[in-house]
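As provided, model_14.txt (compact mmCIF, C-alpha atoms) reads as follows.
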```txt
# COMPACT_ATOMS: atom_id res chain seq x y z
CA MET A 20 3.14 -6.54 39.07
CA ASN A 21 0.30 -7.64 36.81
CA ALA A 22 1.07 -9.63 33.65
CA ASP A 23 -0.79 -9.67 30.36
CA GLY A 24 -0.02 -10.91 26.88
CA VAL A 25 -0.56 -10.21 23.18
CA GLN A 26 0.81 -11.89 20.09
CA THR A 27 2.15 -8.66 18.54
CA LEU A 28 3.28 -5.61 20.47
CA VAL A 29 4.27 -2.32 18.83
CA LEU A 30 6.22 0.21 20.89
CA GLY A 31 5.62 3.75 19.63
CA ALA A 32 2.66 5.21 17.74
CA GLY A 33 4.42 7.70 15.52
CA TRP A 34 4.44 7.34 11.73
CA ARG A 35 6.55 4.14 11.79
CA GLY A 36 4.62 2.57 14.64
CA LEU A 37 1.20 3.27 13.16
CA LEU A 38 2.20 1.80 9.80
CA GLY A 39 3.78 -1.20 11.49
CA ALA A 40 0.61 -1.83 13.47
CA LEU A 41 -1.63 -1.50 10.41
CA ARG A 42 0.56 -3.85 8.39
CA SER A 43 0.57 -6.38 11.22
CA ARG A 44 -3.22 -6.27 11.45
CA ARG A 45 -3.51 -6.63 7.67
CA GLU A 46 -1.08 -9.57 7.52
CA ARG A 47 -2.27 -11.32 10.70
CA PRO A 48 -5.87 -10.28 11.34
CA GLU A 49 -6.38 -13.15 13.77
CA ALA A 50 -3.44 -12.16 16.02
CA SER A 51 -3.95 -10.05 19.13
CA LEU A 52 -2.29 -6.63 18.89
CA ALA A 53 -1.32 -3.80 21.21
CA VAL A 54 0.33 -0.47 20.37
CA LEU A 55 1.92 1.41 23.26
CA GLU A 56 2.60 5.14 23.12
CA ALA A 57 4.09 7.14 25.99
CA ALA A 58 2.54 10.42 24.80
CA PRO A 59 -1.16 11.22 25.36
CA HIS A 60 -1.70 11.32 21.59
CA PRO A 61 -0.53 9.18 18.66
CA GLY A 62 1.19 10.41 15.52
CA GLY A 63 4.54 11.60 16.84
CA SER A 64 5.46 14.82 15.05
CA ILE A 65 2.32 14.72 12.85
CA ARG A 66 0.18 17.26 14.68
CA THR A 67 -2.32 19.83 13.46
CA LEU A 68 -3.23 22.74 15.72
CA ARG A 69 -6.40 24.72 15.07
CA THR A 70 -6.38 28.12 16.73
CA ASN A 71 -8.03 31.48 16.04
CA GLY A 72 -9.36 30.18 12.73
CA PHE A 73 -5.92 29.06 11.49
CA VAL A 74 -4.77 25.49 10.79
CA CYS A 75 -1.14 25.20 11.88
CA GLU A 76 0.89 22.11 11.02
CA LEU A 77 3.31 21.48 13.91
CA GLY A 78 5.13 18.72 12.02
CA PRO A 79 5.10 17.67 8.37
CA PHE A 80 3.24 20.27 6.37
CA ALA A 81 2.05 17.75 3.76
CA PHE A 82 2.96 14.38 2.23
CA PRO A 83 4.45 13.16 -1.04
CA ARG A 84 1.73 11.18 -2.81
CA ALA A 85 4.11 8.24 -3.30
CA GLU A 86 4.56 8.03 0.48
CA ILE A 87 1.03 8.53 1.75
CA GLU A 88 -0.91 6.41 -0.75
CA PRO A 89 0.65 3.09 0.38
CA ALA A 90 -0.11 4.10 3.96
CA LEU A 91 -3.74 4.85 3.12
CA ALA A 92 -4.02 1.45 1.43
CA LEU A 93 -3.54 -0.13 4.87
CA LEU A 94 -6.73 1.53 6.17
CA GLN A 95 -10.17 0.08 5.61
CA ARG A 96 -11.69 3.57 5.72
CA ALA A 97 -9.07 5.98 4.45
CA PRO A 98 -9.72 9.73 4.45
CA PRO A 99 -9.67 11.29 0.96
CA LEU A 100 -6.60 13.17 -0.14
CA VAL A 101 -6.72 16.77 -1.28
CA ASP A 102 -4.38 18.16 -3.93
CA ALA A 103 -2.42 21.35 -3.63
CA LEU A 104 -3.94 24.42 -5.25
CA PRO A 105 -2.81 25.06 -8.84
CA GLY A 106 -0.77 28.13 -7.92
CA ALA A 107 1.30 26.09 -5.45
CA ALA A 108 3.12 24.27 -8.28
CA VAL A 109 5.65 27.11 -8.32
CA GLY A 110 7.67 28.48 -5.43
CA MET A 111 10.50 30.97 -5.10
CA LEU A 112 14.21 30.88 -4.35
CA PHE A 113 15.54 33.89 -2.43
CA THR A 114 19.07 34.75 -3.54
CA GLY A 115 19.61 37.55 -1.05
CA ASP A 116 18.42 40.38 -3.27
CA ALA A 117 15.91 38.77 -5.63
CA LEU A 118 13.36 35.96 -6.00
CA ALA A 119 13.66 33.34 -8.73
CA PRO A 120 10.79 30.93 -9.55
CA ILE A 121 11.35 27.22 -8.95
CA ALA A 122 9.08 24.23 -9.62
CA VAL A 123 7.63 22.32 -6.67
CA ASP A 124 8.13 18.66 -7.51
CA PRO A 125 6.59 16.40 -6.46
CA ALA A 126 3.38 18.23 -5.71
CA PRO A 127 2.35 17.70 -2.07
CA VAL A 128 -0.97 16.28 -0.92
CA SER A 129 -2.77 16.46 2.40
CA PHE A 130 -6.23 16.04 3.91
CA ARG A 131 -9.19 18.37 4.17
CA THR A 132 -8.65 19.20 7.84
CA GLY A 133 -4.86 18.82 7.91
CA ALA A 134 -2.13 16.21 8.20
CA GLU A 135 -3.40 14.86 11.51
CA GLU A 136 -6.51 13.53 9.79
CA PHE A 137 -4.40 10.52 8.78
CA VAL A 138 -3.44 9.90 12.42
CA GLN A 139 -7.06 10.08 13.54
CA ALA A 140 -8.03 7.55 10.86
CA CYS A 141 -5.33 5.20 12.20
CA ARG A 142 -6.60 5.77 15.73
CA ARG A 143 -10.16 4.83 14.76
CA GLU A 144 -8.98 1.71 12.96
CA LEU A 145 -6.71 0.47 15.74
CA GLY A 146 -9.35 1.11 18.40
CA ASP A 147 -8.65 -0.49 21.77
CA ALA A 148 -5.32 -1.86 20.52
CA LEU A 149 -3.89 1.65 20.87
CA ARG A 150 -2.90 2.37 24.46
CA LEU A 151 -1.81 5.94 25.12
CA GLY A 152 0.15 7.29 28.04
CA ARG A 153 1.97 3.99 28.64
CA ALA A 154 5.76 4.00 28.41
CA ALA A 155 7.99 0.95 28.33
CA THR A 156 10.54 0.99 31.16
CA ALA A 157 12.36 -2.29 30.42
CA ILE A 158 12.54 -4.91 27.67
CA ARG A 159 13.86 -8.44 28.12
CA PRO A 160 13.60 -11.72 26.20
CA ASP A 161 11.80 -14.65 27.77
CA ARG A 162 11.21 -18.23 26.73
CA ASP A 163 8.15 -17.43 24.57
CA GLY A 164 9.21 -14.08 23.14
CA TRP A 165 9.54 -10.80 25.01
CA SER A 166 8.47 -9.18 28.26
CA VAL A 167 7.97 -5.42 28.41
CA ASP A 168 7.61 -3.61 31.72
CA LEU A 169 5.27 -0.62 31.69
CA GLY A 170 5.39 2.40 33.97
CA GLY A 171 2.48 4.42 35.28
CA GLU A 172 0.41 4.47 38.44
CA VAL A 173 -0.11 0.71 38.14
CA PRO A 174 3.11 -0.85 36.77
CA SER A 175 2.57 -3.98 34.73
CA THR A 176 4.30 -6.40 32.40
CA LEU A 177 3.13 -7.19 28.89
CA ARG A 178 4.36 -10.34 27.18
CA THR A 179 4.45 -10.80 23.43
CA GLN A 180 5.66 -13.19 20.75
CA ARG A 181 6.52 -10.42 18.26
CA LEU A 182 7.98 -7.11 19.40
CA LEU A 183 8.03 -4.23 16.90
CA VAL A 184 10.06 -1.24 18.13
CA ALA A 185 9.22 2.14 16.57
CA LEU A 186 10.61 4.39 19.29
CA PRO A 187 12.97 7.35 18.98
CA ILE A 188 16.45 5.96 18.46
CA ALA A 189 17.77 7.13 21.83
CA THR A 190 14.82 5.59 23.70
CA ALA A 191 15.17 2.30 21.83
CA ALA A 192 18.91 2.20 22.48
CA HIS A 193 18.52 2.70 26.24
CA LEU A 194 15.77 0.08 26.51
CA LEU A 195 17.71 -2.52 24.54
CA ALA A 196 21.13 -1.70 26.02
CA PRO A 197 21.04 -4.75 28.36
CA LEU A 198 21.23 -6.91 25.22
CA ASP A 199 24.13 -4.86 23.78
CA PRO A 200 25.99 -2.78 26.40
CA ALA A 201 27.66 -0.65 23.72
CA LEU A 202 24.25 0.75 22.78
CA ALA A 203 24.06 2.85 25.94
CA ALA A 204 27.40 4.52 25.21
CA SER A 205 26.34 5.22 21.62
CA ALA A 206 23.03 6.69 22.77
CA GLU A 207 24.82 9.07 25.15
CA ARG A 208 26.55 10.66 22.17
CA LEU A 209 23.32 11.35 20.27
CA GLN A 210 22.64 15.04 19.73
CA LYS A 211 19.45 17.02 19.14
CA SER A 212 19.11 20.51 17.71
CA GLU A 213 16.50 23.09 18.62
CA ARG A 214 14.20 24.29 15.88
CA ALA A 215 11.02 26.35 15.76
CA PHE A 216 8.11 27.16 13.47
CA ALA A 217 6.90 30.76 13.44
CA PHE A 218 3.33 31.18 12.21
CA PHE A 219 2.02 34.51 10.92
CA GLY A 220 -1.50 35.34 9.80
CA GLY A 221 -3.48 38.34 8.67
CA HIS A 222 -5.92 39.65 6.09
CA ALA A 223 -5.34 38.14 2.66
CA GLY A 224 -6.29 41.32 0.82
CA ASP A 225 -3.44 43.15 2.55
CA ALA A 226 -0.78 40.66 1.41
CA PRO A 227 -0.52 40.63 -2.41
CA GLU A 228 3.18 39.72 -2.00
CA LEU A 229 2.30 36.16 -0.95
CA ARG A 230 1.98 34.09 -4.11
CA GLY A 231 2.78 30.50 -4.91
CA HIS A 232 3.98 27.73 -2.62
CA GLY A 233 6.55 29.62 -0.58
CA ILE A 234 10.22 30.52 -0.51
CA LEU A 235 13.50 28.68 0.03
CA PRO A 236 16.83 30.43 0.62
CA ALA A 237 19.62 29.93 -1.91
CA GLU A 238 22.36 27.54 -0.82
CA GLY A 239 24.96 29.30 1.28
CA LEU A 240 22.76 32.32 2.03
CA GLU A 241 23.14 33.61 5.59
CA THR A 242 19.61 33.64 7.01
CA PRO A 243 17.84 32.45 10.17
CA LEU A 244 15.03 30.90 8.10
CA ALA A 245 15.19 27.47 6.47
CA GLU A 246 11.97 28.04 4.50
CA ALA A 247 8.67 29.90 4.39
CA ILE A 248 5.47 28.13 3.31
CA PHE A 249 2.43 30.16 2.30
CA CYS A 250 -0.01 27.66 3.81
CA THR A 251 -3.24 29.19 2.51
CA GLN A 252 -1.79 29.39 -1.00
CA VAL A 253 -1.00 25.65 -0.95
CA PHE A 254 -4.18 24.09 0.48
CA ALA A 255 -7.70 25.43 0.83
CA GLY A 256 -9.23 25.70 4.28
CA ARG A 257 -6.04 26.52 6.19
CA ALA A 258 -7.60 29.73 7.52
CA LEU A 259 -10.95 31.45 7.72
CA PRO A 260 -12.07 33.06 4.44
CA GLY A 261 -10.18 36.25 3.71
CA ARG A 262 -7.19 35.32 5.90
CA PHE A 263 -3.67 34.16 5.06
CA LEU A 264 -1.27 31.93 7.00
CA VAL A 265 2.51 31.60 6.61
CA ARG A 266 4.76 29.05 8.35
CA CYS A 267 8.44 29.98 8.69
CA GLU A 268 10.99 27.45 9.90
CA LEU A 269 13.82 28.85 11.99
CA GLY A 270 16.78 26.74 10.98
CA GLY A 271 19.43 27.97 13.40
CA PRO A 272 19.77 28.28 17.19
CA THR A 273 16.50 29.13 18.90
CA ALA A 274 17.78 30.63 22.12
CA GLY A 275 15.67 33.49 23.45
CA ASP A 276 12.04 34.00 24.34
CA ASP A 277 9.16 33.44 21.92
CA ALA A 278 8.67 37.14 21.23
CA SER A 279 12.32 37.56 20.21
CA LEU A 280 12.24 34.58 17.85
CA LEU A 281 8.98 35.72 16.30
CA ALA A 282 10.53 39.15 15.71
CA VAL A 283 13.54 37.57 13.98
CA ALA A 284 11.33 35.41 11.77
CA GLU A 285 9.01 38.32 10.94
CA ALA A 286 11.88 40.58 9.93
CA GLU A 287 13.34 37.91 7.64
CA LEU A 288 9.95 37.09 6.13
CA ARG A 289 9.48 40.76 5.28
CA ARG A 290 12.98 40.89 3.77
CA TRP A 291 12.26 37.85 1.60
CA THR A 292 8.81 38.91 0.44
CA GLY A 293 8.56 42.69 0.80
CA LEU A 294 5.48 42.08 2.96
CA ARG A 295 4.22 45.32 4.51
CA CYS A 296 0.90 44.47 6.17
CA ALA A 297 0.20 43.89 9.87
CA LEU A 298 0.52 40.33 11.21
CA PRO A 299 -2.04 40.14 14.03
CA PHE A 300 -1.77 36.34 14.36
CA GLN A 301 1.61 35.14 15.59
CA LYS A 302 2.51 31.82 17.19
CA LEU A 303 5.77 29.98 17.87
CA HIS A 304 6.16 26.21 18.12
CA ARG A 305 9.48 24.81 19.34
CA PHE A 306 10.69 21.28 18.60
CA LEU A 307 13.83 19.15 18.49
CA VAL A 308 15.40 17.30 15.57
CA GLU A 309 17.92 14.48 15.82
CA GLU A 310 21.34 15.21 14.36
CA GLN A 311 22.26 12.92 11.48
CA ASP A 312 25.75 12.20 12.81
CA ALA A 313 28.09 9.26 13.37
CA ALA A 314 26.55 8.39 16.74
CA ARG A 315 23.13 8.03 15.14
CA VAL A 316 24.54 5.80 12.40
CA GLU A 317 26.26 3.62 15.01
CA CYS A 318 23.06 3.29 17.04
CA ARG A 319 21.04 2.33 13.98
CA VAL A 320 23.60 -0.29 12.92
CA ARG A 321 23.73 -1.81 16.40
CA LEU A 322 19.94 -1.88 16.72
CA ALA A 323 19.60 -3.50 13.30
CA GLY A 324 22.22 -6.09 14.23
CA LEU A 325 20.46 -6.82 17.49
CA ALA A 326 17.13 -7.35 15.68
CA ALA A 327 18.84 -9.72 13.22
CA ARG A 328 20.11 -11.85 16.11
CA ALA A 329 17.05 -11.74 18.38
CA PRO A 330 14.06 -13.86 17.29
CA GLY A 331 10.76 -11.99 17.32
CA LEU A 332 12.34 -8.51 17.47
CA THR A 333 11.85 -6.02 14.62
CA MET A 334 13.15 -2.46 14.45
CA LEU A 335 10.79 -0.23 12.46
```

Please render this file's structure as structure tokens.
Amino acid sequence: MNADGVQTLVLGAGWRGLLGALRSRRERPEASLAVLEAAPHPGGSIRTLRTNGFVCELGPFAFPRAEIEPALALLQRAPPLVDALPGAAVGMLFTGDALAPIAVDPAPVSFRTGAEEFVQACRRELGDALRLGRAATAIRPDRDGWSVDLGGEVPSTLRTQRLLVALPIATAAHLLAPLDPALAASAERLQKSERAFAFFGGHAGDAPELRGHGILPAEGLETPLAEAIFCTQVFAGRALPGRFLVRCELGGPTAGDDASLLAVAEAELRRWTGLRCALPFQKLHRFLVEEQDAARVECRVRLAGLAARAPGLTML
């Protein structure tokens, strides 16, 4: 098994990993750096899909300015932010039989081509330090820091003085379980829930009902939707001219085929908005979210305690 070494190694290139890598490069520009990501693309859940002239956000729809501006400050060449359209300052609350206006605060911001533009800027800045498609299979301390075994067609070991772990909590717990056997048992109790985004698009002139930022359901309302965002009413350029795009989040169980889930989301969107026009563009994106339960809290506490005891290890 080949061996290599860097002074700082970041595991995971999602939001936390990218920021950790940029901060490390800013604070220690002379130190060698590597960022490992098991997926073929960085960014984690921050993904922007462009299809049929529509710009579909498969993760965060936008960013709070207070969160993204410090991240942009870590980049030497940061992409410019774009503000939400003026009409997006107001959304609606669906009570079950009526819509009530609500303020959108804070106002979201994004980028001209979508949220993933930030990820691509990070990718350009990190350059060869970002290594995609490489998953860690084992982590162990050694006399000079840490050794990380990597899978793939040519397994290898990467040694580092500083190890920054920005992996999903279950993955981190399993990798670090040899240092705290209770971690593995905690990780086995972690739960994930299925979710889905349903995207609908059509001709803007046929949809006068879509105004403002979008719609949230009133607390306690029985509905399969967690929210509906009128994407083209929030940011310019989210569809070809004369088209509209809506993203609905299905907040409950997502059993069934894509067509069935799209039909459920469409029916509820029409109930919320009174929308009557045809929806020729329809797309479903499924994803998982980690449950915020006691097992997750236990894992986080154990991982934080392990990092406090282990020199050179940081949990991001």

**Study point:** Nearest-residue call for A:Gly293, choices A:Gly261, A:Leu118, A:Val173, A:Leu195, using only C-alpha atoms
**Key:**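 For A:Gly293, the nearest of the candidates is A:Leu118.
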
**Study point:** Test item: which residues lie within 12 Å of (15.0, 39.5, -7.3) counting only C-alpha atoms, as a PyMOL selection string
**Key:** chain A and resi 111-120+237+290-293

Point to revise | Counting all atoms listed in the file, the residue of A:Leu209, A:Val308, A:Val25, A:Ala326 that sits nearest A:Ser166 | key: A:Val25

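Atom pair atom CA of A:Arg178 / atom CA of A:Arg35: separated by 21.2 Å.
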
Determine the axis-aligned bounding box of all atoms of stretch 37-56 of chain A present in the file, pad each side by 8 Å, and express its centre and edge lengths in Å to one decimal place as AutoDock Vina command-line options.
```
--center_x -1.3 --center_y -4.0 --center_z 15.4 --size_x 26.2 --size_y 34.3 --size_z 31.7
```

Point to revise | Contact residues around stretch 220-226 of chain A with all atoms listed in the file at 6 Å, ignoring same-chain residues under 4 positions, as a list in words | key: Gly261, Arg262, Phe263, Leu264, Cys296, Leu298, Pro299 and Phe300 of chain A

Could you take the residues named above and write them with C-alpha atoms, as a tab-separated table (two decimals), keeping the file's coordinate frame?
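Saved the output as selection.tsv:
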```tsv
chain	number	residue	atom	x	y	z
A	261	GLY	CA	-10.18	36.25	3.71
A	262	ARG	CA	-7.19	35.32	5.90
A	263	PHE	CA	-3.67	34.16	5.06
A	264	LEU	CA	-1.27	31.93	7.00
A	296	CYS	CA	0.90	44.47	6.17
A	298	LEU	CA	0.52	40.33	11.21
A	299	PRO	CA	-2.04	40.14	14.03
A	300	PHE	CA	-1.77	36.34	14.36
```

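Using all atoms listed in the file for every distance, the candidate list A:Glu246, A:Glu310, A:Asp124, A:Asp163 yields A:Glu310 as the residue closest to A:Glu213.
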
Check your understanding: Residues at most 8 Å from A:Leu280, counting all atoms listed in the file, excluding those fewer than 5 positions away in the same chain, as a VMD selection string?
Key -> chain A and resid 217 273 275 303

**Study point:** Distance criterion (all atoms listed in the file): nearest to A:Leu322 out of A:Ala191, A:Ala278, A:Ala284, A:Leu244
**Key:** A:Ala191

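For the pair atom CA of A:Gly271 and atom CA of A:Arg214, the separation is 6.9 Å.
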
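Comparing the minimum interatomic distances between A:Ala185 and each of A:Ala297, A:Ala40, A:Ala92, A:Leu202, counting only C-alpha atoms, we find that A:Ala40 sits nearest.
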
Exercise for review: Place a sphere of radius 7 Å on (6.4, -7.4, 17.9) in the file coordinates and name every protein, DNA or RNA residue with an atom inside or on its surface, counting all atoms listed in the file; give the answer as a list of chain:residue names.
Suggested key: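 Residues with an atom close enough to that point: A:Thr27, A:Leu28, A:Val29, A:Thr179, A:Gln180, A:Arg181, A:Leu182, A:Leu183, A:Gly331, A:Leu332, A:Thr333.
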
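Across the model, the gap from atom CA of A:Leu52 to atom CA of A:Leu149 is 8.7 Å.
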
Exercise for review: Name the closest residue to A:Pro187 among the candidates A:Gln252, A:Ser51, A:Gln26, A:Ser64; distances are taken between atoms, counting all atoms listed in the file.
Suggested key: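 Among A:Gln252, A:Ser51, A:Gln26, A:Ser64, it is A:Ser64 that comes nearest to A:Pro187.
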
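The list of residues with at least one atom within 9 Å of A:Phe218, based on all atoms listed in the file and without residues fewer than 3 positions apart in the same chain, reads A:Cys75, A:Leu264, A:Val265, A:Arg266, A:Cys267, A:Glu268, A:Leu281, A:Phe300, A:Gln301, A:Lys302, A:Leu303, A:His304.
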
Review point. Which residues, written as a PyMOL selection string, have at least one atom at most 8 Å from A:Ala90, with all atoms listed in the file counted and residues fewer than 4 positions away on the same chain left out?
Key: chain A and resi 38+86+94

Write a file of the just-selected residues containing C-alpha atoms, as a PDB file, in the coordinates of the input.
```
ATOM      1  CA  LEU A  38       2.200   1.800   9.800  1.00  0.00           C
ATOM      2  CA  GLU A  86       4.560   8.030   0.480  1.00  0.00           C
ATOM      3  CA  LEU A  94      -6.730   1.530   6.170  1.00  0.00           C
TER       4      LEU A  94
END
```

Can you rebuild stretch 235-246 of chain A with N, CA and C atoms and give it as a CSV table (one decimal), in the coordinates of the input?
```
chain,number,residue,atom,x,y,z
A,235,LEU,N,12.3,29.3,-0.5
A,235,LEU,CA,13.5,28.7,0.0
A,235,LEU,C,14.7,29.6,-0.1
A,236,PRO,N,15.6,29.6,0.8
A,236,PRO,CA,16.8,30.4,0.6
A,236,PRO,C,17.8,29.7,-0.3
A,237,ALA,N,18.6,30.5,-1.1
A,237,ALA,CA,19.6,29.9,-1.9
A,237,ALA,C,20.7,29.3,-1.0
A,238,GLU,N,21.3,28.2,-1.6
A,238,GLU,CA,22.4,27.5,-0.8
A,238,GLU,C,23.5,28.5,-0.5
A,239,GLY,N,23.9,28.4,0.8
A,239,GLY,CA,25.0,29.3,1.3
A,239,GLY,C,24.5,30.7,1.8
A,240,LEU,N,23.2,31.0,1.6
A,240,LEU,CA,22.8,32.3,2.0
A,240,LEU,C,22.7,32.4,3.5
A,241,GLU,N,23.2,33.4,4.1
A,241,GLU,CA,23.1,33.6,5.6
A,241,GLU,C,21.7,34.1,6.0
A,242,THR,N,21.0,33.3,6.6
A,242,THR,CA,19.6,33.6,7.0
A,242,THR,C,19.2,32.8,8.2
A,243,PRO,N,18.4,33.3,9.1
A,243,PRO,CA,17.8,32.4,10.2
A,243,PRO,C,16.7,31.5,9.7
A,244,LEU,N,16.2,31.7,8.5
A,244,LEU,CA,15.0,30.9,8.1
A,244,LEU,C,15.5,29.8,7.2
A,245,ALA,N,14.9,28.6,7.4
A,245,ALA,CA,15.2,27.5,6.5
A,245,ALA,C,14.2,27.4,5.3
A,246,GLU,N,13.0,28.0,5.5
A,246,GLU,CA,12.0,28.0,4.5
A,246,GLU,C,10.8,28.9,5.0
```
